[in-house]
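Structure, as structure tokens:
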Amino acid sequence: MKKVVAIGIVATLALSRFNVFAGKDGSNYVGIQYAISTYSEDGISEDLNPTALIGRLGTKISDNFSIEARAGIGLQDDTVNVSGIDATLDIDSLLGVYGIGHISVNESTSVYGLLGITRAEASVSLPDYPSFGSVSNDETGLSYGVGVDIGVSNDVALNIEYAQYLSKSDFDVSALSFGLKFGF
């Protein structure tokens with residue numbers, strides 16, 4: 001899957017000389033996404049899938065390029081059993097800055113690739129052993145992904161996106177997101 005996403009980003013950025021939904025140069029947009037994340041770690045056979053709510057704020061720099069900031073919080077945690085002990089993962093926060101390269105498919109739809117940096121903080125707890133409390137950890141790393149904006153009016157688009165937020169030597173965090181984007 002990572003190779004497909006990387007090829008999609010390269011193709012999007014290479015072909016991004018085309019026009020795009022999202023308004024004229026200098027226009028701004030806000031958005032909101034519901035993200036179903038996937039946390040995979042070496043040594044744990046089951047993935048964890050906590051959810052998050054992500055806010056987006058961006059500025060269109062040119063017909064084919066935007067700069068975007070994101071901030072997110074966890075909505076629902078997920079629990080996995082590791083060697084007979086339940087472990088729960090909750091997303092505490094997500095902050096990032098991204099460059100977005102757009103390709104217009106038609107008047108109301110565009111595909112895009114994103115590349116940037118994300119800082120994510122998560123907490124792990126053991127629900128069967130509340131006296132151990134929870135442990136929080138934060139990581140920062142390179143992020144990339146692909147998505148599509150489907151215009152429903154001049155200033156509103158539906159959004160679907162896959163992003164690899166963090167990829168470290170022993171774990172990965174990715175998300176499939178669905179949302180709305182509003183131009184202003």
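In the structure tokens, chains take letters A, B, ... by order of appearance, with residues numbered from 1 within each chain and ligands from 1 in the order shown.
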
Review point. What's the 12 Å shell around Leu126 of chain A, counting only C-alpha atoms, without same-chain residues fewer than 5 positions away, as a ChimeraX atom specification?
Key: /A:78-82,84-90,131-135

Practice item. Enumerate the residues of segment 22-139 of chain A with a DSSP assignment of strand (DSSP E), computed from the backbone, and present them as JSON, numbers by chain. Key: {"A": [28, 29, 30, 31, 32, 33, 34, 35, 36, 37, 38, 39, 40, 41, 51, 52, 53, 54, 55, 56, 57, 58, 59, 60, 61, 62, 65, 66, 67, 68, 69, 70, 71, 72, 73, 74, 75, 76, 78, 79, 80, 81, 82, 85, 86, 87, 88, 89, 90, 91, 92, 93, 94, 95, 96, 97, 98, 99, 100, 101, 102, 103, 104, 109, 110, 111, 112, 113, 114, 115, 116, 117, 118, 119, 120, 121, 122, 123, 124, 125, 134, 135, 136, 137, 138, 139]}

Check your understanding: Which residues come within 6 Å of segment 33-43 of chain A, counting only C-alpha atoms, excluding same-chain residues fewer than 5 positions away, as a list in words?
Key ->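 Here the qualifying residues turn out to be Leu48, Asn49, Pro50, Thr51, Ala52, Leu53, Ile54, Asp170, Phe171, Asp172, Val173, Ser174, Ala175, Leu176, Ser177, Phe178 and Gly179 of chain A.
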
Review point. From the list A:Thr59, A:Ser83, A:Ser110, A:Ser125, which residue is nearest Gly151 of chain A when using only C-alpha atoms?
Key: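 Result for the nearest residue to Gly151 of chain A: A:Ser110.
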
**Study point:** DSSP alpha helix (DSSP H) residues within chain A, listed as a PyMOL selection string
**Key:** chain A and resi 2-14

Written selection (C-alpha atoms) as a PDB file, in the first residue's frame:
ATOM      1  CA  LYS A   2       2.865   2.405   0.793  1.00  0.00           C
ATOM      2  CA  LYS A   3       4.243   2.029  -2.751  1.00  0.00           C
ATOM      3  CA  VAL A   4       0.835   2.831  -4.268  1.00  0.00           C
ATOM      4  CA  VAL A   5       0.518   5.957  -2.103  1.00  0.00           C
ATOM      5  CA  ALA A   6       4.079   7.069  -2.952  1.00  0.00           C
ATOM      6  CA  ILE A   7       3.465   6.613  -6.692  1.00  0.00           C
ATOM      7  CA  GLY A   8       0.173   8.538  -6.360  1.00  0.00           C
ATOM      8  CA  ILE A   9       1.900  11.437  -4.609  1.00  0.00           C
ATOM      9  CA  VAL A  10       4.686  11.641  -7.195  1.00  0.00           C
ATOM     10  CA  ALA A  11       2.168  11.519 -10.064  1.00  0.00           C
ATOM     11  CA  THR A  12      -0.037  14.142  -8.402  1.00  0.00           C
ATOM     12  CA  LEU A  13       2.833  16.531  -7.776  1.00  0.00           C
ATOM     13  CA  ALA A  14       4.279  15.962 -11.267  1.00  0.00           C
TER      14      ALA A  14
END

Practice item. Would you list the contacts of Ala120 of chain A as a ChimeraX atom specification, taking every protein, DNA or RNA residue within 10 Å and counting only C-alpha atoms, but skipping same-chain residues closer than 5 positions in sequence? Key: /A:71-73,91-96,137-141,165-166,173

Review point. Restricting the calculation to only C-alpha atoms, which member of A:Val148, A:Val30, A:Ile61, A:Leu142 is positioned closest to Lys168 of chain A?
Key: A:Leu142

Practice item. For atom CA of Tyr29 of chain A and atom CA of Phe182 of chain A, determine how far apart the two atoms are, in Å to one decimal place. Key: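 Separating atom CA of Tyr29 of chain A from atom CA of Phe182 of chain A is a distance of 5.4 Å.
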